[in-house]
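Okay, structure first, notes after.
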Amino acid sequence: MSLQRRVKFEAETDREFAQWIAHEIGGEKLRECLQCGLCSGNCPLSLYMDHTPRRLMYLAREGFKTEVLSSLSIWLCTSCYECVIDCPKQINITGMMYSLKQRAIKEKFYPRRFPIPVMARQFSRMVRGSGRITESWLVVQVFSRTAIRRLLGMGKLGVRLLRTGRMRLSRDKVERRGDIAKLMDAIQVARKESAA
Amino acid sequence: MKYAYYPGCSLKGTGRAYEESLLAVFQALGVSYEELKDWNCCGATSYMSVDELSSYALAARNLALAERENMEIIAPCAACYLVLNKTQHYMHDYPEINNVVTRALGTIGLTWHGQTRVRHPLEILLNEVGVPAIATKVKRPLHGLKVAPYYGCQIVRPYSTFDDQRNPTSMDQLLSACGAKVINYSSKVQCCGASQKGTLPEVGLDRIRRLLLAAKREGAEVIATVCPLCQFNLECFQDETGNAHEPISMPVLYFSQLIAWALGLDAKAVALQRCIVPVQTLLGSKEIVHA
Amino acid sequence: MPETINPSVDSHARVGVYICHCGTNIAGTVDVKSVSEFAASLPGVVVAREYKYMCSDPGQALVQQDIHEQKLNRIVVAACSPLLHEPTFRRVLSRAGINAFFLQMVNIREHDSWVHLDKGAATQKAKDLVRAAVRRVSLHKPLQKRQVPIHPSVLVVGGGIAGIHAALTLADAGKQVYLVERQPTIGGHMAMFDKTFPTLDCAACILTPKMTSVASHPHIRLWTYSEVVQVEGYVGNYKVKIKHKPRYVIDDLCIGCQECIAACVYKEGKTPDEFNLGLSKRKPVYLPFPQAVPQKVVIDPDTCIEFKSGKCKKTCIEACGDRHAIDFKQQESVDEIEVGTMILATGFKTFDPKRNPSYGYGRHANVYTSLEVERLINAAGPTGGELVLRDGQTPKSVGIIHCVGSRDRNTNRWCSKVCCMYSLKLAHLVRERTGAEVFNFYIDMRTPGKGYEEFYDRLLDEGVHFIRGRVAEVSDFAAHPSEEGKLVIRAEDTLAGFVRRIPVDMVILAVGLEPQADAQDVRRMFNISCASEGWFLERHPKLAPVSTFTEGVYIAGACQGPKDIPDSVAQAGAAAAEALALIDTQFVELEPYTASILEEECSGCKSCIPLCPYHAISFSDESKKASINEVLCKGCGTCVAGCPSGSIKQNFFEDEEIFEEIEGVLAYA
Amino acid sequence: MPDRPSDAAITQQFEPRIVAFFCNWCTYLAADLAGTSRMKYPPNTRVVRVMCSGRVDPQFVLDAFAHGADGVLIGGCHPGDCHYQEGNYKALRRFELLKRLLADLGIEKERIRLEWISAAEGDKVRAVINDMVKKVRALGPLKLERDAKDVWLAEVAV
């Protein structure tokens with residue numbers, strides 16, 4: 001096994017990141033967190049997390065950007081809000097997880113072929129295109145880009161869904177698809193303006 | 001009053017049984033509705049993670065469409081219910097979001113005033129129709145069928161106004177009215193793992209297995225759900241959960257299917273043929289035993 | 001705009017204005033120099049000075065000297081809140097031989113320098129306030145404080161350790177004390193405990209001697225099973241009504257032999273025993289606990305057959321024999337007493353863990369509150385001191401959950417202060433009695449206090465497990481064979497950084513402290529304030545911790561905030577001392593802010609009469625005029641504002657004075 | 001929140017004058033508490049201490065407006081908490097009448113405010129003053145027709 005330096009120099013923390021999260025949705029009350037760990041205890045997914053939600057919040061607050069954004073935990077969050085409703089400081093932890101996901105995607109902080117962001121992107125493409133989601137198509141697109149083998153493994157389920165009439169082959173579409181595209185563009189413009 | 005029925009994408013696909021049974025139940029109980037004209041995807045959870053603003057805009061379009069008709073929205077899918085409500089809240093709480101979205105809506109000639117109430121079928125049946133009204137219409141009681149009502153997360157958290165966040169009972173009341181024996185178990189509000197089954201299979205499967213076990217342990221014969229994704233996860237991967245352990249077989253229905261059955265509606269309305277884990281005989285047997 | 005003199009202002013007024021720096025507290029934000037220069041320019045002002053600490057001896061001397069040399073007859077002091085130093089400077093005026101009420105305080109600290117950042121704006125505000133004061137002070141009339149004698153006896157409300165200690169202290173000083181307790185016995189929560197931290201001496205052994213000396217003390221009138229129902233009057237002269245609930249037993253005749261209990265037609269107890277928190281059953285006639293004070297039984301009419309049907313054999317009466325202590329006809333009675341001072345020691349209640357469903361209290365049989373466990377391990381308790389599960393088994397593993405109903409915005413925000421220590425105590429006792437593995441789940445371990453940290457060390461050494469994390473759930477769902485049939489505690493071990501599931505036989509919830517359910521009614525009755533959480537509010541958090549804003553009313557113990565036994569006793573002693581100090585001055589001085597009616601202007605419309613809550617205004621049918629009884633008037637001024645003909649005036653708050661102040665603060669360019 | 005915007009802004013920003021009547025037992029103490037807790041709020045208020053909100057004569061309010069106040073704030077104990085049992089109820093009754101009178105004279109309702117603030121609610125003092133200053137600032141200076149003002153001065157002349 002190889003030894004590596006564990007000490008953290010203050011210079012390695014990212015103040016900008018700490019500032020940023022404190023002003024994002026979900027981060028507003030981050031400084032009040034008393035690190036009790038109730039969120040982690042309530043979280044149904046925490047048993048798989050590299051950093052528990054509690055520790056993640058602490059790392060974010062202290063500006064350990066790399067540790068936070070490269071953590072698997074933010075992708076494990078299914079936004080079930082278990083953590084939020086009991087938080088003794090009423091911190092919007094789920095909201096914070098969204099903010100972190102977005103930042104991580106923006107800065108490409110995730111393993112190649114990692115399904116969740118791919119899924120997210122395919123999802124948004126399809127919405128932009130047709131205004132609605134056709135699950136069967138989405139699944140095909142996601143897995144063909146991430147784990148083609150798993151897609152084949154799902155044949156059996158596919159057949160069952162077909163038989164029960166739950167797999168839809170035709171793609172569902174909004175009539176005024178133009179509107180959807182317009183709406184999305186308007187958002188992009190608005191975002192650029194607010195950024196500028 | 002007339003409601004704007006907002007199916008969302010899943011109820012047109014894997015969740016068809018939900019739509020078929022729910023609408024039939026609405027008709028039987030005289031809840032008048034019409035499908036929201038030209039609705040679009042709500043923006044859903046996974047969209048949020050890429051681009052929250054766009055997802056608010058998407059949700060806001062639906063809200064604006066309903067507002068134009070000045071109707072209240074019925075959103076059966078948990079994800080839709082949450083996202084639409086969340087958008088309502090954030091549009092109120094965060095001016096900067098409100099700004100951008102309002103301007104974007106403007107480009108397609110829509111406006112948002114936050115007037116539209118977004119409601120869930122459970123609430124409509126409970127508060128608008130009412131348990132007694134349903135009880136009197138029951139033709140084919142479920143005769144002590146042991147049902148584990150499974151609420152999942154996003155119906156009750158964080159925005160639910162009609163039920164308790166830790167221990168919801170709305171579905172319990174409705175199903176008891178149909179003669180079912182409702183099972184109370186702590187996992188009924190835990191998360192089904194959402195899309196994790198697709199993205200991180202071992203994680204998703206573990207969630208699914210825990211939930212099925214919890215229900216089985218309490219002697220449930222059927223699980224009743226309110227969300228297409230929960231239903232899909234719990235029903236469609238049961239033999240996979242068997243990989244490392246003994247497989248679990250447990251019928252998973254939408255609460256609306258059970259009500260449709262109890263109201264004595266036709267097979268098309270109950271939509272049992274859409275089940276992967278067969279349940280026809282189970283329900284049938286109840287009928288015979290107690291008829 | 002130029003400063004003009006209001007014609008109504010006393011042109012003979014020679015005003016001195018004194019601006020206090022209060023170190024940098026004021027001078028740091030307000031430009032005191034320019035304020036004093038500004039003051040000097042105001043009409044009527046003879047001298048204006050700024051000084052580092054006006055309240056210091058040299059500061060006071062300065063004022064006194066100016067009064068003599070400059071022949072000043074009005075003084076304005078711009079410093080801190082009048083509630084702090086108005087008395088100080090009034091004494092200065094008296095010493096200098098002018099009427100104490102020729103003073104006007106200006107609050108430029110609490111209301112100005114401490115709440116503003118912008119120096120310019122703060123200085124301007126100070127100037128406006130000073131201008132207003134200068135204009136107002138010229139209108140002040142000479143006044144005298146009223147002196148009223150103090151009734152030497154004291155009312156103590158609440159018979160817990162705080163009330164007991166306060167009562168004994170006062171009684172030993174020879175004062176007559178009335179001790180009123182709602183329950184049938186005194187002792188409060190402390191009487192329910194087994195041991196006390198950190199010394200582990202037995203609660204009963206140190207408490208019962210004090211309880212009995214209360215019962216036997218010649219200067220203490222003990223009223224248990226009684227409640228205060230009405231309070232009237234003012235400092236030194238309170239009239240209090242006390243209601244005695246019927247115990248259906250005549251105090252003076254019952255000797256506490258308890259033969260009636262043995263003889264009761266109920267062979268076994270049927271009613272959940274209040275003192276044991278329902279962990280045991282009692283009969284309709286009962287003694288709360290063996291060392292109860294007074295040793296008088298109580299009959300509970302809700303469960304006694306005689307009260308329900310009237311057809312009971314009344315074996316209790318037979319047993320009581322010729323003592324004739326039992327009286328089914330006993331009625332509620334009321335006593336009215338006069339006291340000069342009152343001490344509130346009404347204590348606390350514990351948090352109801354049903355409010356936090358995740359911990360399964362009331363759903364899982366073996367989830368207990370800490371107070372219930374105190375009874376279980378108490379030798380006089382329902383199990384004779386044996387710590388057992390509901391099924392009689394001895395637990396092999398026990399989890400203690402801290403901060404239940406504390407440090408949580410969803411329930412109570414505050415730290416309940418005593419839970420960490422009593423949880424350590426319980427952990428020790430559990431290990432001592434059962435040898436079980438004990439797991440403490442805490443957020444922060446708070447052990448400040450003499451010998452407390454050392455006690456924590458001892459527990460660590462005894463091998464108790466300490467897991468830092470707020471527990472998420474207590475469930476009976478087994479996710480692993482080892483968890484079958486156990487209660488599973490799920491929490492993140494925040495020091496390890498992962499979630500742990502710990503199976504135990506018994507869970508103890510360290511419930512926090514809350515204000516009594518009726519704290520609001522009580523404080524209204526005694527006319528004191530509550531902090532937002534509902535704890536009684538002290539006059540000053542540091543310098544007047546047992547006084548209230550109502551003269552002659554003091555608070556002690558946990559009714560003021562979470563407190564352990566040492567703190568409660570200390571506070572009780574302090575409250576008693578404050579009361580004694582006041583009593584021994586023999587009279588109190590009342591502010592002269594009373595209202596009076598100018599007969600010639602009174603139109604006799606009577607509209608003022610219903611306005612007065614103290615019935616101080618009467619109407620004379622011959623003169624057809626109203627008049628105010630100065631002794632009864634408390635000086636609120638409501639009638640003054642309500643008089644249509646403007647014929648009522650209030651000392652020190654006359655209309656002219658207030659108009660002058662209003663126009664003064666507004667008279668800037 | 002800063003006391004004021006930057007000096008640059010002050011020139012164009014209108015700073016309202018607000019006279020506050022605080023009762024001696026609750027609201028005045030709350031304002032003291034706000035001070036000892038070093039809370040920050042805008043310096044636009046000038047507090048006049050009265051023993052009880054029941055002492056606040058409607059004429060005080062008229063006089064304040066007549067002499068250039070842009071707003072008047074009255075602070076008393078919460079209902080049921082009055083140190084003099086019910087003075088605050090009397091204040092409330094008069095306040096209701098006063099509001100109508102002022103409305104008739106065309107004075108915006110945001111300019112007059114009655115608040116129950118207990119001795120423990122220092123933060124409420126801050127919040128109320130922040131909010132009132134914001135609202136009154138938005139309204140701009142109080143404009144009184146000349147005659148209305150004279151009527152009042154005559155009315156309040158003692």
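In the structure tokens, chains take letters A, B, ... by order of appearance, with residues numbered from 1 within each chain and ligands from 1 in the order shown.
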Discussion item. Could you go through range 276-427 of chain C and tell me which residues DSSP, when run on the backbone, assigns to alpha helix (DSSP H), listing them as a VMD selection string?
Written reply: chain C and resid 305 to 308 315 to 320 370 to 376 419 to 427
Output as JSON lines one row per residue of chain C within 8 Å of chain A: the closest atom pair and its distance in Å to one decimal place, counting only C-alpha atoms, sorted by chain and residue number ascending.
```
{"residue": "C:Arg407", "atom": "CA", "partner": "A:Pro88", "partner_atom": "CA", "distance": 6.9}
{"residue": "C:Asp408", "atom": "CA", "partner": "A:Pro88", "partner_atom": "CA", "distance": 4.2}
{"residue": "C:Arg409", "atom": "CA", "partner": "A:Pro88", "partner_atom": "CA", "distance": 5.1}
{"residue": "C:Asn410", "atom": "CA", "partner": "A:Pro88", "partner_atom": "CA", "distance": 6.2}
{"residue": "C:Ile443", "atom": "CA", "partner": "A:Cys36", "partner_atom": "CA", "distance": 5.5}
{"residue": "C:Arg468", "atom": "CA", "partner": "A:Cys36", "partner_atom": "CA", "distance": 7.5}
{"residue": "C:Gly469", "atom": "CA", "partner": "A:Cys36", "partner_atom": "CA", "distance": 5.1}
{"residue": "C:Arg470", "atom": "CA", "partner": "A:Cys36", "partner_atom": "CA", "distance": 5.2}
{"residue": "C:Val471", "atom": "CA", "partner": "A:Leu38", "partner_atom": "CA", "distance": 6.2}
{"residue": "C:Ala472", "atom": "CA", "partner": "A:Gly41", "partner_atom": "CA", "distance": 4.9}
{"residue": "C:Glu473", "atom": "CA", "partner": "A:Asn42", "partner_atom": "CA", "distance": 7.4}
{"residue": "C:Arg490", "atom": "CA", "partner": "A:Gly41", "partner_atom": "CA", "distance": 6.1}
{"residue": "C:Ala491", "atom": "CA", "partner": "A:Gly41", "partner_atom": "CA", "distance": 4.6}
{"residue": "C:Glu492", "atom": "CA", "partner": "A:Gly41", "partner_atom": "CA", "distance": 5.0}
{"residue": "C:Asp493", "atom": "CA", "partner": "A:Gly37", "partner_atom": "CA", "distance": 7.6}
{"residue": "C:Thr494", "atom": "CA", "partner": "A:Gly37", "partner_atom": "CA", "distance": 6.1}
{"residue": "C:Gly497", "atom": "CA", "partner": "A:Thr52", "partner_atom": "CA", "distance": 6.7}
{"residue": "C:Phe498", "atom": "CA", "partner": "A:Thr52", "partner_atom": "CA", "distance": 6.6}
{"residue": "C:Val499", "atom": "CA", "partner": "A:Gly41", "partner_atom": "CA", "distance": 6.0}
```
Worksheet item: Suppose you want the space between CA of Val553 in chain C and CA of Ala166 in chain C; what is it in Å?
Response: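 Straight-line distance from CA of Val553 in chain C to CA of Ala166 in chain C works out to 13.2 Å.
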Report as a Markdown table the residues of chain B within 8 Å of chain C, each with its shortest atom pair and distance in Å (one decimal), using only C-alpha atoms, ordered by chain and increasing residue number.
```
| residue | atom | partner | partner_atom | distance |
| --- | --- | --- | --- | --- |
| B:Arg166 | CA | C:Pro357 | CA | 7.6 |
| B:Ser186 | CA | C:Ser475 | CA | 7.9 |
| B:Ala214 | CA | C:Phe477 | CA | 7.6 |
```
Practice prompt. Compile the residues of chain A that lie within 8 Å of chain B, evaluated using only C-alpha atoms, and express the compilation as an MDAnalysis selection string.
Written response: chainID A and resid 44:45 48 76 78:82 84:85 98:99 101:102 105 115:117 119:121 123:124 127 131:135 157 160:161 164:168 174:176 179:180 182:184 186:187 190:191
Discussion item. Nearest residue to chain D out of C:Pro566, C:Gly552, C:Gly120, C:Gly347, using only C-alpha atoms?
Written reply: C:Gly120
Using only C-alpha atoms, I'd like a table of the residues in chain D that come within 6 Å of chain C; for each, show the closest atom pair and its distance in Å rounded to one decimal, ordered by chain and ascending number, as a tab-separated table.
```
residue	atom	partner	partner_atom	distance
D:Asp3	CA	C:Asp118	CA	6.0
D:Asp32	CA	C:Glu110	CA	5.0
D:Gly35	CA	C:Glu110	CA	4.1
D:Arg38	CA	C:Trp114	CA	5.4
D:Met39	CA	C:Val115	CA	5.5
D:Lys40	CA	C:Val115	CA	4.5
D:Met51	CA	C:Cys636	CA	5.6
D:Cys52	CA	C:Cys636	CA	5.4
D:Gly54	CA	C:Thr638	CA	4.5
D:Arg55	CA	C:Thr638	CA	4.6
D:Asp57	CA	C:Ala641	CA	4.5
D:Ala120	CA	C:Ala531	CA	5.1
```
Discussion item. Please list as a list of chain:residue names every residue within 12 Å of Arg433 in chain C, counting only C-alpha atoms and excluding residues in the same chain fewer than 4 positions away.
Written reply: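 The residues that qualify are C:Leu376, C:Ile377, C:Asn378, C:Ala379, C:Gly385, C:Glu386, C:Leu387, C:Val388, C:Thr394, C:Pro395, C:Lys396, C:Leu426, C:Ala427, C:His428, C:Leu429, C:Glu437, C:Val438.
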Based on the selection just made, write C-alpha atoms of those residues as a short mmCIF file (atom, residue, chain, number, x, y, z; two decimals), in the first residue's frame.
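And here's result_21.cif as it stands now:
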```cif
data_model
loop_
_atom_site.label_atom_id
_atom_site.label_comp_id
_atom_site.auth_asym_id
_atom_site.auth_seq_id
_atom_site.Cartn_x
_atom_site.Cartn_y
_atom_site.Cartn_z
CA LEU C 376 -37.49 2.45 38.40
CA ILE C 377 -34.06 2.60 40.03
CA ASN C 378 -35.40 4.31 43.16
CA ALA C 379 -35.52 1.93 46.11
CA GLY C 385 -35.11 -0.20 42.87
CA GLU C 386 -34.71 -3.02 40.36
CA LEU C 387 -34.15 -1.87 36.78
CA VAL C 388 -36.21 -4.28 34.68
CA THR C 394 -33.04 -7.42 33.27
CA PRO C 395 -31.75 -5.48 30.23
CA LYS C 396 -28.39 -6.59 28.84
CA LEU C 426 -28.17 7.10 34.87
CA ALA C 427 -25.50 5.40 32.76
CA HIS C 428 -23.50 4.77 35.93
CA LEU C 429 -26.50 3.50 37.89
CA GLU C 437 -23.65 -2.42 28.13
CA VAL C 438 -24.59 1.26 28.03
#
```
Item to complete: Report the distance between CA of Leu279 in chain C and CA of Asp194 in chain C in Å, rounded to one decimal place.
Response: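 CA of Asp194 in chain C lies at a distance of 15.3 Å from CA of Leu279 in chain C.
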Worksheet, complete the sentence: What separates CA of Ile250 in chain C and CA of Gln295 in chain C is a distance of 11.8 Å
Discussion item. When DSSP is applied to the backbone of this structure, which of range 38-218 of chain B are assigned strand (DSSP E)? Write them out as a PyMOL selection string.
Written reply: chain B and resi 72-74+118-119+146-150+181-182
Fill in: Ile400 in chain C surroundings by only C-alpha atoms, 12 Å radius, close-in-sequence under 6 positions cut, as JSON, numbers by chain
{"C": [359, 367, 368, 369, 370, 373, 419, 420, 421, 422, 423, 424, 425, 426, 427, 428, 430, 437, 438, 439, 440, 441, 442, 464, 465, 466, 467, 468, 469, 470, 471, 474, 489, 502, 504, 505, 506, 507, 508, 509, 510, 511]}
File of the preceding selection, N, CA and C atoms, as a compact mmCIF listing (two decimals), in the first residue's frame:
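What follows is the written file selection01.txt:
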```
# COMPACT_ATOMS: atom_id res chain seq x y z
N TYR C 359 -38.72 8.24 17.90
CA TYR C 359 -38.11 7.49 19.00
C TYR C 359 -39.06 6.45 19.60
N VAL C 367 -39.16 1.69 25.63
CA VAL C 367 -38.60 3.04 25.51
C VAL C 367 -39.14 3.86 26.68
N TYR C 368 -38.25 4.32 27.56
CA TYR C 368 -38.65 5.04 28.77
C TYR C 368 -38.12 6.47 28.74
N THR C 369 -38.76 7.35 29.53
CA THR C 369 -38.15 8.66 29.73
C THR C 369 -37.18 8.56 30.92
N SER C 370 -36.26 9.51 30.98
CA SER C 370 -35.28 9.50 32.07
C SER C 370 -35.97 9.56 33.42
N VAL C 373 -37.20 6.26 34.50
CA VAL C 373 -36.09 5.40 34.96
C VAL C 373 -35.65 5.81 36.36
N CYS C 419 -29.35 17.57 31.23
CA CYS C 419 -29.53 16.22 30.67
C CYS C 419 -28.21 15.46 30.54
N CYS C 420 -27.15 16.15 30.10
CA CYS C 420 -25.87 15.46 29.95
C CYS C 420 -25.49 14.83 31.28
N MET C 421 -25.57 15.64 32.34
CA MET C 421 -25.12 15.13 33.64
C MET C 421 -26.03 14.02 34.16
N TYR C 422 -27.36 14.20 34.04
CA TYR C 422 -28.20 13.13 34.60
C TYR C 422 -28.11 11.88 33.74
N SER C 423 -27.80 12.05 32.44
CA SER C 423 -27.61 10.87 31.60
C SER C 423 -26.37 10.10 32.04
N LEU C 424 -25.31 10.84 32.38
CA LEU C 424 -24.11 10.18 32.90
C LEU C 424 -24.46 9.44 34.19
N LYS C 425 -25.22 10.12 35.05
CA LYS C 425 -25.60 9.50 36.33
C LYS C 425 -26.37 8.21 36.06
N LEU C 426 -27.36 8.29 35.16
CA LEU C 426 -28.17 7.10 34.87
C LEU C 426 -27.29 6.01 34.27
N ALA C 427 -26.39 6.40 33.36
CA ALA C 427 -25.50 5.40 32.76
C ALA C 427 -24.76 4.65 33.87
N HIS C 428 -24.24 5.40 34.82
CA HIS C 428 -23.50 4.77 35.93
C HIS C 428 -24.41 3.83 36.71
N VAL C 430 -27.21 2.40 35.83
CA VAL C 430 -27.64 1.24 35.05
C VAL C 430 -26.55 0.17 35.08
N GLU C 437 -24.41 -3.32 28.99
CA GLU C 437 -23.65 -2.42 28.13
C GLU C 437 -24.48 -1.14 27.97
N VAL C 438 -23.85 0.01 28.15
CA VAL C 438 -24.59 1.26 28.03
C VAL C 438 -24.01 2.11 26.91
N PHE C 439 -24.90 2.61 26.02
CA PHE C 439 -24.49 3.47 24.92
C PHE C 439 -25.12 4.84 25.09
N ASN C 440 -24.30 5.87 25.22
CA ASN C 440 -24.81 7.24 25.29
C ASN C 440 -24.69 7.90 23.93
N PHE C 441 -25.81 8.39 23.41
CA PHE C 441 -25.80 9.10 22.12
C PHE C 441 -25.93 10.59 22.40
N TYR C 442 -24.87 11.35 22.16
CA TYR C 442 -24.87 12.77 22.53
C TYR C 442 -24.48 13.61 21.32
N VAL C 464 -18.45 2.89 29.69
CA VAL C 464 -19.69 3.26 28.99
C VAL C 464 -19.33 3.74 27.58
N HIS C 465 -20.15 3.36 26.57
CA HIS C 465 -19.88 3.79 25.20
C HIS C 465 -20.45 5.17 24.96
N PHE C 466 -19.66 6.04 24.35
CA PHE C 466 -20.16 7.37 23.99
C PHE C 466 -20.11 7.54 22.48
N ILE C 467 -21.27 7.71 21.87
CA ILE C 467 -21.35 7.83 20.42
C ILE C 467 -21.86 9.23 20.09
N ARG C 468 -21.05 9.99 19.36
CA ARG C 468 -21.43 11.37 19.06
C ARG C 468 -22.31 11.41 17.83
N GLY C 469 -23.62 11.60 18.07
CA GLY C 469 -24.54 11.69 16.95
C GLY C 469 -25.97 11.75 17.47
N ARG C 470 -26.79 12.57 16.82
CA ARG C 470 -28.20 12.65 17.23
C ARG C 470 -28.91 11.45 16.63
N VAL C 471 -29.63 10.69 17.46
CA VAL C 471 -30.28 9.47 16.99
C VAL C 471 -31.39 9.80 15.99
N VAL C 474 -35.50 4.99 16.53
CA VAL C 474 -35.52 3.77 17.34
C VAL C 474 -36.59 2.89 16.73
N ILE C 489 -31.24 1.19 17.52
CA ILE C 489 -30.99 2.63 17.51
C ILE C 489 -30.14 2.95 16.28
N ILE C 502 -27.45 0.09 16.41
CA ILE C 502 -27.07 -0.55 17.66
C ILE C 502 -28.30 -1.16 18.32
N VAL C 504 -30.45 -2.73 21.23
CA VAL C 504 -30.47 -2.68 22.70
C VAL C 504 -31.79 -3.23 23.22
N ASP C 505 -31.82 -3.52 24.53
CA ASP C 505 -33.06 -4.02 25.15
C ASP C 505 -33.91 -2.86 25.66
N MET C 506 -33.25 -1.80 26.09
CA MET C 506 -33.98 -0.68 26.69
C MET C 506 -33.44 0.63 26.15
N VAL C 507 -34.35 1.57 25.88
CA VAL C 507 -33.93 2.90 25.44
C VAL C 507 -34.40 3.92 26.48
N ILE C 508 -33.48 4.79 26.90
CA ILE C 508 -33.82 5.85 27.84
C ILE C 508 -33.72 7.19 27.12
N LEU C 509 -34.82 7.93 27.10
CA LEU C 509 -34.84 9.23 26.43
C LEU C 509 -34.54 10.33 27.44
N ALA C 510 -33.41 11.00 27.25
CA ALA C 510 -33.04 12.10 28.16
C ALA C 510 -33.85 13.33 27.78
N VAL C 511 -35.07 13.39 28.33
CA VAL C 511 -35.99 14.46 27.94
C VAL C 511 -35.56 15.80 28.53
```
Item to complete: Quick one: everything within 7 Å of Asn88 in chain D, counting only C-alpha atoms, minus sequence neighbours fewer than 5 positions away in the same chain. Send it as a list of chain:residue names.
Response: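 The contact residues come out as D:Ser53, D:Gly54, D:Gly76, D:Cys77, D:Pro79, D:Cys82.
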